[in-house]
>>> print(open('query.cif').read())   # mmCIF, C-alpha atoms
data_final
#
loop_
_atom_site.label_atom_id
_atom_site.label_comp_id
_atom_site.auth_asym_id
_atom_site.auth_seq_id
_atom_site.Cartn_x
_atom_site.Cartn_y
_atom_site.Cartn_z
CA MET A 1 -17.25 -12.54 36.66
CA SER A 2 -14.02 -11.60 34.89
CA ALA A 3 -12.76 -13.72 31.98
CA ALA A 4 -10.21 -16.45 32.76
CA ILE A 5 -6.61 -15.68 31.93
CA GLU A 6 -5.17 -17.68 29.03
CA GLN A 7 -1.45 -18.53 29.33
CA VAL A 8 0.79 -17.73 26.35
CA ASP A 9 4.54 -18.20 26.16
CA ALA A 10 5.45 -15.27 23.86
CA LEU A 11 3.20 -12.47 22.69
CA VAL A 12 4.08 -9.99 19.93
CA VAL A 13 1.98 -6.83 19.64
CA GLY A 14 1.88 -5.61 16.02
CA ALA A 15 1.82 -7.61 12.76
CA GLY A 16 3.89 -5.30 10.61
CA VAL A 17 7.02 -6.60 8.89
CA VAL A 18 9.12 -6.28 12.06
CA GLY A 19 6.53 -7.86 14.36
CA LEU A 20 6.08 -10.78 11.95
CA ALA A 21 9.85 -11.25 11.57
CA VAL A 22 10.26 -11.27 15.37
CA ALA A 23 7.35 -13.68 15.85
CA ARG A 24 8.75 -16.02 13.17
CA ALA A 25 12.21 -16.00 14.77
CA LEU A 26 10.74 -16.75 18.22
CA ALA A 27 8.65 -19.61 16.80
CA LEU A 28 11.65 -21.06 14.96
CA ALA A 29 13.53 -20.92 18.29
CA GLY A 30 10.88 -23.23 19.73
CA ARG A 31 8.69 -20.68 21.49
CA GLU A 32 4.88 -20.75 21.46
CA VAL A 33 3.99 -17.43 19.80
CA MET A 34 0.84 -15.35 19.35
CA VAL A 35 0.74 -12.06 17.44
CA LEU A 36 -1.97 -9.51 18.24
CA GLU A 37 -2.86 -7.05 15.46
CA ARG A 38 -5.51 -4.39 15.98
CA GLU A 39 -6.28 -3.94 12.27
CA ALA A 40 -8.19 -6.36 10.02
CA ASP A 41 -5.05 -7.61 8.28
CA ILE A 42 -1.27 -7.82 8.65
CA GLY A 43 1.04 -4.98 7.63
CA THR A 44 -1.49 -2.21 7.03
CA GLY A 45 0.59 0.52 8.75
CA THR A 46 4.13 1.71 7.98
CA SER A 47 4.97 -1.68 6.43
CA SER A 48 2.60 -1.13 3.49
CA ARG A 49 3.22 2.61 3.04
CA ASN A 50 6.89 2.99 2.21
CA SER A 51 9.32 2.86 -0.72
CA GLU A 52 9.85 -0.95 -0.51
CA VAL A 53 13.59 -0.35 -0.82
CA ILE A 54 16.24 -2.79 0.37
CA HIS A 55 18.80 -0.30 1.68
CA ALA A 56 22.55 -0.86 1.44
CA GLY A 57 23.42 0.70 4.83
CA ILE A 58 25.11 3.87 3.65
CA TYR A 59 23.97 6.89 5.62
CA TYR A 60 23.69 5.73 9.22
CA PRO A 61 26.26 6.68 11.88
CA ALA A 62 29.00 4.06 12.30
CA GLY A 63 28.29 1.75 15.20
CA SER A 64 24.58 2.62 15.29
CA LEU A 65 21.92 -0.09 15.38
CA LYS A 66 20.56 1.29 12.10
CA ALA A 67 23.95 0.78 10.40
CA GLN A 68 24.65 -2.63 11.91
CA LEU A 69 21.16 -4.11 11.47
CA CYS A 70 20.65 -2.64 7.98
CA VAL A 71 23.83 -4.27 6.64
CA GLN A 72 23.13 -7.61 8.37
CA GLY A 73 19.46 -7.40 7.42
CA LYS A 74 20.18 -6.66 3.75
CA HIS A 75 22.25 -9.85 3.32
CA ALA A 76 19.67 -11.92 5.23
CA LEU A 77 16.76 -10.41 3.27
CA TYR A 78 18.26 -11.04 -0.19
CA ALA A 79 19.00 -14.65 0.82
CA TYR A 80 15.51 -15.13 2.28
CA CYS A 81 13.76 -13.66 -0.78
CA ALA A 82 15.82 -15.84 -3.15
CA GLU A 83 15.11 -18.96 -1.09
CA ARG A 84 11.37 -18.30 -0.79
CA GLY A 85 10.75 -16.92 -4.30
CA ILE A 86 9.65 -13.50 -2.99
CA ALA A 87 9.66 -10.90 -5.77
CA HIS A 88 12.64 -8.56 -5.47
CA ARG A 89 15.25 -6.91 -7.69
CA ARG A 90 18.79 -5.76 -7.01
CA CYS A 91 18.40 -2.72 -9.28
CA GLY A 92 21.02 -0.48 -7.65
CA LYS A 93 20.75 3.21 -6.93
CA LEU A 94 22.52 6.44 -7.83
CA ILE A 95 23.05 9.11 -5.19
CA VAL A 96 23.30 12.24 -7.31
CA ALA A 97 24.96 15.59 -6.60
CA ASN A 98 23.53 18.76 -8.15
CA THR A 99 25.35 21.39 -6.09
CA ALA A 100 29.05 21.98 -5.45
CA SER A 101 28.65 21.15 -1.74
CA GLN A 102 26.84 17.87 -2.52
CA LEU A 103 29.57 16.95 -5.03
CA ALA A 104 32.32 17.69 -2.52
CA ALA A 105 30.57 15.45 0.02
CA LEU A 106 30.24 12.36 -2.24
CA PRO A 107 33.60 10.82 -1.14
CA SER A 108 32.52 11.13 2.51
CA ILE A 109 29.37 9.10 1.71
CA ILE A 110 31.63 6.30 0.43
CA GLU A 111 33.81 6.54 3.57
CA LYS A 112 30.74 6.43 5.84
CA ALA A 113 29.47 3.36 3.99
CA ARG A 114 32.87 1.63 4.34
CA ALA A 115 32.79 2.23 8.10
CA ASN A 116 29.42 0.41 8.09
CA GLY A 117 30.79 -2.57 6.15
CA VAL A 118 29.49 -1.53 2.71
CA HIS A 119 32.42 -1.82 0.28
CA ASP A 120 30.79 -1.84 -3.17
CA LEU A 121 30.12 1.89 -3.73
CA ARG A 122 31.67 3.60 -6.74
CA LEU A 123 32.20 7.31 -7.40
CA LEU A 124 31.01 8.38 -10.87
CA ASN A 125 31.58 11.59 -12.79
CA ARG A 126 28.74 13.20 -14.74
CA GLU A 127 29.51 11.27 -17.95
CA GLN A 128 29.70 7.88 -16.20
CA ALA A 129 26.41 8.54 -14.42
CA ARG A 130 24.72 9.53 -17.69
CA GLU A 131 26.02 6.35 -19.35
CA LEU A 132 23.94 4.43 -16.79
CA GLU A 133 20.99 6.84 -16.96
CA PRO A 134 20.91 9.07 -20.09
CA GLU A 135 18.01 11.23 -18.79
CA LEU A 136 19.87 12.07 -15.56
CA GLU A 137 21.28 15.52 -14.86
CA CYS A 138 23.99 15.75 -12.18
CA LEU A 139 27.53 16.92 -11.41
CA GLY A 140 28.52 13.47 -10.17
CA ALA A 141 27.07 10.46 -8.39
CA VAL A 142 27.72 7.47 -6.17
CA HIS A 143 26.59 4.09 -7.50
CA SER A 144 25.27 1.60 -4.90
CA PRO A 145 24.82 -1.76 -6.67
CA SER A 146 23.46 -3.63 -3.62
CA THR A 147 20.40 -1.39 -3.15
CA GLY A 148 17.21 -3.06 -4.34
CA ILE A 149 13.43 -3.31 -4.11
CA VAL A 150 11.16 -5.96 -2.61
CA ASP A 151 7.49 -6.90 -2.63
CA SER A 152 6.85 -6.03 1.02
CA HIS A 153 3.43 -7.71 1.11
CA GLY A 154 4.83 -10.92 -0.36
CA LEU A 155 7.57 -10.78 2.27
CA MET A 156 5.06 -10.37 5.11
CA LEU A 157 2.89 -13.25 3.83
CA SER A 158 5.98 -15.46 3.76
CA LEU A 159 7.00 -14.48 7.32
CA GLN A 160 3.43 -15.19 8.49
CA GLY A 161 3.50 -18.56 6.70
CA ASP A 162 6.77 -19.51 8.42
CA LEU A 163 5.36 -18.44 11.79
CA GLU A 164 2.18 -20.50 11.35
CA HIS A 165 4.12 -23.50 10.03
CA ALA A 166 6.18 -23.37 13.25
CA GLY A 167 2.97 -23.42 15.32
CA GLY A 168 2.50 -19.68 15.90
CA MET A 169 -0.62 -17.67 15.15
CA VAL A 170 -1.71 -14.15 14.15
CA VAL A 171 -4.92 -12.77 15.62
CA CYS A 172 -6.36 -9.70 13.84
CA HIS A 173 -8.98 -7.27 15.23
CA ALA A 174 -7.14 -7.70 18.56
CA GLN A 175 -6.40 -4.27 20.04
CA VAL A 176 -4.46 -4.24 23.30
CA ASP A 177 -6.00 -2.01 25.97
CA HIS A 178 -3.37 -2.27 28.71
CA LEU A 179 -0.64 -4.49 30.15
CA ALA A 180 0.62 -5.10 33.69
CA ALA A 181 3.90 -6.59 34.86
CA THR A 182 3.25 -9.16 37.63
CA ASP A 183 5.37 -11.75 39.43
CA ALA A 184 3.69 -14.47 37.34
CA GLY A 185 4.34 -12.80 33.92
CA ILE A 186 2.95 -9.92 31.90
CA ASP A 187 -0.84 -9.65 31.91
CA VAL A 188 -2.38 -8.33 28.70
CA GLN A 189 -5.98 -7.23 28.27
CA THR A 190 -7.50 -6.50 24.87
CA VAL A 191 -10.28 -4.02 24.18
CA ASP A 192 -12.79 -6.88 23.78
CA GLY A 193 -12.02 -8.16 27.29
CA THR A 194 -9.72 -11.08 26.40
CA ARG A 195 -7.10 -11.64 29.11
CA LEU A 196 -3.73 -13.22 28.44
CA ARG A 197 -0.65 -13.84 30.58
CA ALA A 198 2.67 -14.08 28.72
CA ARG A 199 6.19 -14.96 29.79
CA THR A 200 7.55 -12.67 27.05
CA VAL A 201 5.94 -9.62 25.41
CA ILE A 202 7.43 -7.84 22.39
CA ASN A 203 6.06 -4.36 21.77
CA ALA A 204 6.35 -4.10 17.97
CA ALA A 205 3.40 -1.74 17.61
CA GLY A 206 5.21 0.65 15.24
CA LEU A 207 3.45 4.02 15.22
CA GLY A 208 1.65 3.02 18.44
CA ALA A 209 4.68 1.60 20.29
CA CYS A 210 5.27 4.61 22.58
CA ASP A 211 1.56 4.92 23.40
CA LEU A 212 1.36 1.19 24.16
CA ALA A 213 4.42 1.36 26.42
CA LEU A 214 2.76 4.13 28.47
CA ARG A 215 -0.08 1.66 29.14
CA ILE A 216 2.19 -0.98 30.69
CA ARG A 217 1.74 -0.92 34.47
CA GLY A 218 5.12 -1.50 36.10
CA LEU A 219 7.13 0.19 33.31
CA ALA A 220 8.51 3.58 34.40
CA ALA A 221 7.38 6.32 32.00
CA ASP A 222 10.92 7.73 31.74
CA HIS A 223 11.85 4.67 29.64
CA VAL A 224 9.32 5.69 26.97
CA PRO A 225 10.50 8.25 24.37
CA ARG A 226 8.20 10.87 22.92
CA ALA A 227 6.51 9.82 19.67
CA TRP A 228 6.80 12.13 16.65
CA PHE A 229 5.03 11.61 13.34
CA ALA A 230 6.77 12.55 10.08
CA LYS A 231 4.45 12.00 7.15
CA GLY A 232 5.96 11.14 3.78
CA ASN A 233 3.90 11.93 0.69
CA TYR A 234 4.43 10.10 -2.60
CA PHE A 235 3.51 11.17 -6.12
CA THR A 236 3.39 8.60 -8.92
CA LEU A 237 4.62 9.13 -12.46
CA SER A 238 2.08 8.60 -15.22
CA GLY A 239 3.73 6.76 -18.10
CA ARG A 240 6.87 4.66 -18.24
CA SER A 241 9.90 5.58 -16.15
CA PRO A 242 13.02 6.50 -18.13
CA PHE A 243 15.18 5.22 -15.25
CA GLU A 244 16.37 1.69 -14.43
CA HIS A 245 18.05 2.60 -11.12
CA LEU A 246 16.65 4.27 -8.02
CA ILE A 247 17.70 7.94 -7.97
CA TYR A 248 18.40 9.70 -4.65
CA PRO A 249 19.53 13.29 -4.22
CA ALA A 250 22.79 13.50 -2.26
CA PRO A 251 22.21 14.86 1.25
CA GLU A 252 23.23 18.45 1.91
CA PRO A 253 26.20 18.03 4.29
CA ASP A 254 25.07 20.73 6.74
CA LYS A 255 21.48 19.53 7.23
CA HIS A 256 19.91 17.06 9.65
CA LEU A 257 17.67 15.06 7.37
CA ALA A 258 14.43 13.59 8.64
CA GLY A 259 14.26 11.72 5.33
CA LEU A 260 16.50 11.11 2.32
CA GLY A 261 15.08 13.76 -0.01
CA VAL A 262 12.48 13.36 -2.76
CA HIS A 263 13.87 10.32 -4.51
CA LEU A 264 12.74 8.24 -7.44
CA THR A 265 11.93 4.64 -6.63
CA LEU A 266 10.56 1.94 -8.86
CA ASP A 267 8.14 -0.84 -8.08
CA LEU A 268 8.65 -4.35 -9.43
CA GLY A 269 6.42 -3.52 -12.41
CA GLY A 270 8.71 -0.63 -13.41
CA GLN A 271 6.27 2.10 -12.28
CA ALA A 272 8.11 5.13 -10.86
CA LYS A 273 7.11 7.06 -7.77
CA PHE A 274 8.67 10.11 -6.16
CA GLY A 275 8.93 10.75 -2.46
CA PRO A 276 8.68 10.71 0.37
CA ASP A 277 8.90 14.32 1.47
CA VAL A 278 8.85 15.23 5.18
CA GLN A 279 5.73 16.77 6.68
CA TRP A 280 5.58 16.87 10.49
CA VAL A 281 2.03 16.12 11.66
CA ASP A 282 0.23 15.60 14.97
CA ARG A 283 -1.57 12.34 14.22
CA ALA A 284 -0.43 8.96 12.98
CA ASP A 285 -3.58 8.57 10.84
CA ASP A 286 -3.12 11.82 8.87
CA LEU A 287 -2.52 10.03 5.55
CA GLN A 288 -4.25 12.17 2.91
CA VAL A 289 -1.96 13.48 0.17
CA ASP A 290 -2.47 17.18 -0.54
CA PRO A 291 -2.20 17.59 -4.35
CA ALA A 292 -0.81 21.10 -3.79
CA ARG A 293 2.42 19.57 -2.48
CA GLY A 294 3.07 18.37 -6.03
CA GLU A 295 4.47 21.78 -7.00
CA ALA A 296 7.47 21.33 -4.69
CA PHE A 297 7.96 17.81 -6.09
CA TYR A 298 8.34 19.12 -9.64
CA ALA A 299 11.07 21.53 -8.52
CA GLU A 300 12.94 18.84 -6.53
CA VAL A 301 12.75 16.16 -9.23
CA ARG A 302 13.75 18.49 -12.08
CA ARG A 303 17.11 19.06 -10.40
CA TYR A 304 18.07 15.54 -11.47
CA TRP A 305 15.47 14.91 -14.21
CA PRO A 306 14.94 18.16 -16.14
CA GLY A 307 12.81 16.23 -18.66
CA LEU A 308 9.96 15.59 -16.21
CA PRO A 309 6.86 16.64 -18.21
CA ASP A 310 4.29 19.06 -16.80
CA GLY A 311 1.24 17.24 -15.42
CA ALA A 312 3.07 13.89 -15.14
CA LEU A 313 2.84 13.59 -11.34
CA GLN A 314 -0.32 12.27 -9.67
CA PRO A 315 -0.94 12.20 -5.90
CA GLY A 316 -0.08 8.65 -4.80
CA TYR A 317 -0.18 7.68 -1.14
CA ALA A 318 1.36 8.74 2.15
CA GLY A 319 3.25 6.83 4.81
CA MET A 320 4.12 7.74 8.39
CA ARG A 321 7.55 7.47 9.98
CA PRO A 322 7.33 6.35 13.65
CA LYS A 323 9.97 8.80 14.86
CA ILE A 324 11.36 9.35 18.34
CA SER A 325 13.27 12.50 17.34
CA GLY A 326 11.60 15.76 16.36
CA PRO A 327 12.12 18.51 13.78
CA HIS A 328 15.65 20.02 13.81
CA GLU A 329 17.04 17.08 15.81
CA PRO A 330 19.44 14.48 14.41
CA ALA A 331 17.54 11.29 13.54
CA ALA A 332 17.37 8.95 16.52
CA ASP A 333 18.72 5.42 16.33
CA PHE A 334 16.51 2.34 16.62
CA VAL A 335 15.72 1.53 20.26
CA ILE A 336 15.55 -2.17 21.15
CA GLN A 337 14.90 -1.97 24.87
CA GLY A 338 15.03 -5.07 27.05
CA PRO A 339 14.78 -5.85 30.78
CA ALA A 340 18.42 -4.84 31.43
CA VAL A 341 17.34 -1.24 30.66
CA HIS A 342 13.81 -0.97 32.07
CA GLY A 343 13.74 -3.74 34.66
CA VAL A 344 10.52 -5.48 33.54
CA PRO A 345 11.25 -9.21 33.08
CA GLY A 346 10.15 -10.58 29.72
CA LEU A 347 9.39 -7.21 28.06
CA VAL A 348 11.11 -5.92 24.91
CA ASN A 349 10.09 -2.53 23.48
CA LEU A 350 10.87 -1.56 19.88
CA PHE A 351 10.83 2.24 19.48
CA GLY A 352 11.56 4.41 16.44
CA ILE A 353 11.70 1.55 13.93
CA GLU A 354 11.50 3.72 10.83
CA SER A 355 13.66 3.30 7.71
CA PRO A 356 15.68 1.04 7.35
CA GLY A 357 13.27 -1.11 9.40
CA LEU A 358 12.02 -3.12 6.40
CA THR A 359 15.58 -3.94 5.29
CA SER A 360 16.61 -4.71 8.88
CA CYS A 361 13.60 -6.82 9.89
CA LEU A 362 15.33 -10.24 9.99
CA ALA A 363 18.36 -8.80 11.84
CA ILE A 364 16.11 -6.97 14.34
CA ALA A 365 14.32 -10.29 14.92
CA ASP A 366 17.61 -12.06 15.75
CA GLN A 367 18.52 -9.30 18.21
CA VAL A 368 15.10 -9.50 19.91
CA VAL A 369 15.29 -13.29 20.24
CA ALA A 370 18.68 -12.92 21.94
CA LEU A 371 17.16 -10.40 24.40
CA ALA A 372 13.95 -12.39 24.97
#
>>> encode(input="query.cif", output="structure tokens")
Amino acid sequence: MSAAIEQVDALVVGAGVVGLAVARALALAGREVMVLEREADIGTGTSSRNSEVIHAGIYYPAGSLKAQLCVQGKHALYAYCAERGIAHRRCGKLIVANTASQLAALPSIIEKARANGVHDLRLLNREQARELEPELECLGAVHSPSTGIVDSHGLMLSLQGDLEHAGGMVVCHAQVDHLAATDAGIDVQTVDGTRLRARTVINAAGLGACDLALRIRGLAADHVPRAWFAKGNYFTLSGRSPFEHLIYPAPEPDKHLAGLGVHLTLDLGGQAKFGPDVQWVDRADDLQVDPARGEAFYAEVRRYWPGLPDGALQPGYAGMRPKISGPHEPAADFVIQGPAVHGVPGLVNLFGIESPGLTSCLAIADQVVALA
């Protein structure tokens, strides 16, 4: 005899930072919400393997979801962290030019940011940049004072707490096997045989979102983009960081960047890490850091920090970008795909939620609630 179907109002698949933010927003809107997470704990995927940066909203094409939701999300996230006492710091960042072409492109970075609603960037010459960071080597820089860092795990625990306080729940060790759109709602079956029927399903499965969407009966496969996996390796600095700001190399104007170059980020304890690089891989779970990649890191970092000592970089950790654009393609925008696009009532798919997904999480949640 098959298990009885349990009715649920709204079901979110994936308890990363975006899934938790969406679930919280649905619960605060008065919905009954359950989150299914296949791992043993919340936020063990992309959400816990990134730079923990609150992005300003500088690089993304004007009018894109990434630009719009990053800028909205940044303001919402700073306010939320201040209100809830979540550890964060508005440390600012320098985007540094070390070639003539990078230097010539710095004013266009400021223009692009203005088009996205970011009006606090300042162009610095070499001397002004070195006043802020004496160890820095560059031809010029852009200062972004509203860039910061956040304790991503503290943020996720707070989102989960809000969700549960509003009557929602997170169920771990709950891997979804398949879904089916029916006239009565969306039927969901987990690997352990649990059967649920939901009025609303949000696919916030991150690295597994495209694969999950292909297992939804009633959703046409042509609405599901191809998943690509771009691994980002990090190396940590042994010893104290000489920098107070985050340091990012300026993008080369003629290149499609899958990432933002090997940058220096700080954690809330002041420990510096470098990365992520871009390594295209075939599997989402390919997360070992190859120590041999450190050689390229030394060369990249010494362009802006010539004083980096030999032997100072240790293999740290790797993260995985859930991309929906491949090598040599311009980076795809976020895809927040509702019934108006795919025709399945009650279903919202989130595809390609890579950086700035952490910064944008509260704004993404508002958009999903409006669609759901």
>>> closest_residue(input="query.cif", among="A:Thr265, A:Asn116, A:Ser158, A:Thr44", to="Gly85 of chain A", atoms="only C-alpha atoms")
A:Ser158
>>> resolve_selection(input="query.cif", expression="the PyMOL selection byres ((chain A and resi 106) around 10)", output="number ranges by chain")
A: 95-97, 101-105, 107-111, 122-124, 140-142, 250-251, 253
>>> closest_residue(input="query.cif", among="A:Ala205, A:Leu69, A:Val191, A:Ala181", to="Ala15 of chain A", atoms="only C-alpha atoms")
A:Ala205
>>> atom_distance(input="query.cif", atom1="atom CA of Phe235 of chain A", atom2="atom CA of Cys361 of chain A")
26.1 Å
>>> atom_distance(input="query.cif", atom1="atom CA of Arg226 of chain A", atom2="atom CA of Gly43 of chain A")
23.2 Å
>>> atom_distance(input="query.cif", atom1="atom CA of Tyr298 of chain A", atom2="atom CA of Thr99 of chain A")
17.5 Å
>>> resolve_selection(input="query.cif", expression="the PyMOL selection byres ((chain A and resi 312) around 10)", output="NGL selection string")
:A and (235-239 or 298 or 308-311 or 313-314)
>>> closest_residue(input="query.cif", among="A:His342, A:Glu39, A:Glu300, A:Leu196", to="Ala221 of chain A", atoms="all atoms listed in the file")
A:His342
>>> closest_residue(input="query.cif", among="A:Val13, A:Ala284, A:Ala4, A:Val53", to="Ala213 of chain A", atoms="only C-alpha atoms")
A:Val13
>>> residues_around(input="query.cif", residues="Val171 of chain A", least_positions_apart="5", cutoff="8 Å", atoms="only C-alpha atoms", output="list of chain:residue names")
A:Met34, A:Val35, A:Leu36, A:Glu37
>>> residues_around(input="query.cif", residues="Gly63 of chain A", least_positions_apart="5", cutoff="12 Å", atoms="all atoms listed in the file", output="list of chain:residue names")
A:Gly57, A:Gln68, A:Leu69, A:Cys70, A:Val71, A:Lys112, A:Ala113, A:Arg114, A:Ala115, A:Asn116, A:Gly117, A:Asp333, A:Phe334
>>> residues_around(input="query.cif", residues="Gln7 of chain A", least_positions_apart="4", cutoff="9 Å", atoms="all atoms listed in the file", output="PDB file with C-alpha atoms, keeping the file's coordinate frame")
ATOM      1  CA  ARG A 195      -7.100 -11.640  29.110  1.00  0.00           C
ATOM      2  CA  LEU A 196      -3.730 -13.220  28.440  1.00  0.00           C
ATOM      3  CA  ARG A 197      -0.650 -13.840  30.580  1.00  0.00           C
ATOM      4  CA  ALA A 198       2.670 -14.080  28.720  1.00  0.00           C
ATOM      5  CA  ARG A 199       6.190 -14.960  29.790  1.00  0.00           C
TER       6      ARG A 199
END
>>> resolve_selection(input="query.cif", expression="the PyMOL selection byres ((chain A and resi 14) around 10)", output="ChimeraX atom specification")
/A:11-13,15-20,23,35-39,42-43,45,170-172,174-176,202-209
>>> build_atoms(input="query.cif", residues="segment 181-193 of chain A", atoms="N, CA and C atoms", output="PDB file, in the frame of the given file")
ATOM      1  N   ALA A 181       2.831  -5.680  34.458  1.00  0.00           N
ATOM      2  CA  ALA A 181       3.900  -6.590  34.860  1.00  0.00           C
ATOM      3  C   ALA A 181       3.560  -7.166  36.228  1.00  0.00           C
ATOM      4  N   THR A 182       3.533  -8.513  36.340  1.00  0.00           N
ATOM      5  CA  THR A 182       3.250  -9.160  37.630  1.00  0.00           C
ATOM      6  C   THR A 182       4.365 -10.184  37.901  1.00  0.00           C
ATOM      7  N   ASP A 183       4.366 -10.742  39.100  1.00  0.00           N
ATOM      8  CA  ASP A 183       5.370 -11.750  39.430  1.00  0.00           C
ATOM      9  C   ASP A 183       5.204 -13.007  38.576  1.00  0.00           C
ATOM     10  N   ALA A 184       3.984 -13.245  38.096  1.00  0.00           N
ATOM     11  CA  ALA A 184       3.690 -14.470  37.340  1.00  0.00           C
ATOM     12  C   ALA A 184       3.910 -14.300  35.833  1.00  0.00           C
ATOM     13  N   GLY A 185       4.181 -13.065  35.362  1.00  0.00           N
ATOM     14  CA  GLY A 185       4.340 -12.800  33.920  1.00  0.00           C
ATOM     15  C   GLY A 185       3.750 -11.445  33.594  1.00  0.00           C
ATOM     16  N   ILE A 186       3.535 -11.198  32.320  1.00  0.00           N
ATOM     17  CA  ILE A 186       2.950  -9.920  31.900  1.00  0.00           C
ATOM     18  C   ILE A 186       1.504 -10.167  31.493  1.00  0.00           C
ATOM     19  N   ASP A 187       0.585  -9.512  32.208  1.00  0.00           N
ATOM     20  CA  ASP A 187      -0.840  -9.650  31.910  1.00  0.00           C
ATOM     21  C   ASP A 187      -1.224  -8.653  30.821  1.00  0.00           C
ATOM     22  N   VAL A 188      -1.974  -9.138  29.853  1.00  0.00           N
ATOM     23  CA  VAL A 188      -2.380  -8.330  28.700  1.00  0.00           C
ATOM     24  C   VAL A 188      -3.891  -8.399  28.587  1.00  0.00           C
ATOM     25  N   GLN A 189      -4.530  -7.238  28.492  1.00  0.00           N
ATOM     26  CA  GLN A 189      -5.980  -7.230  28.270  1.00  0.00           C
ATOM     27  C   GLN A 189      -6.288  -6.507  26.974  1.00  0.00           C
ATOM     28  N   THR A 190      -7.103  -7.128  26.135  1.00  0.00           N
ATOM     29  CA  THR A 190      -7.500  -6.500  24.870  1.00  0.00           C
ATOM     30  C   THR A 190      -8.788  -5.710  25.083  1.00  0.00           C
ATOM     31  N   VAL A 191      -9.094  -4.884  24.106  1.00  0.00           N
ATOM     32  CA  VAL A 191     -10.280  -4.020  24.180  1.00  0.00           C
ATOM     33  C   VAL A 191     -11.559  -4.852  24.308  1.00  0.00           C
ATOM     34  N   ASP A 192     -11.571  -6.056  23.700  1.00  0.00           N
ATOM     35  CA  ASP A 192     -12.790  -6.880  23.780  1.00  0.00           C
ATOM     36  C   ASP A 192     -12.891  -7.705  25.070  1.00  0.00           C
ATOM     37  N   GLY A 193     -11.930  -7.488  25.994  1.00  0.00           N
ATOM     38  CA  GLY A 193     -12.020  -8.160  27.290  1.00  0.00           C
ATOM     39  C   GLY A 193     -11.215  -9.440  27.414  1.00  0.00           C
TER      40      GLY A 193
END
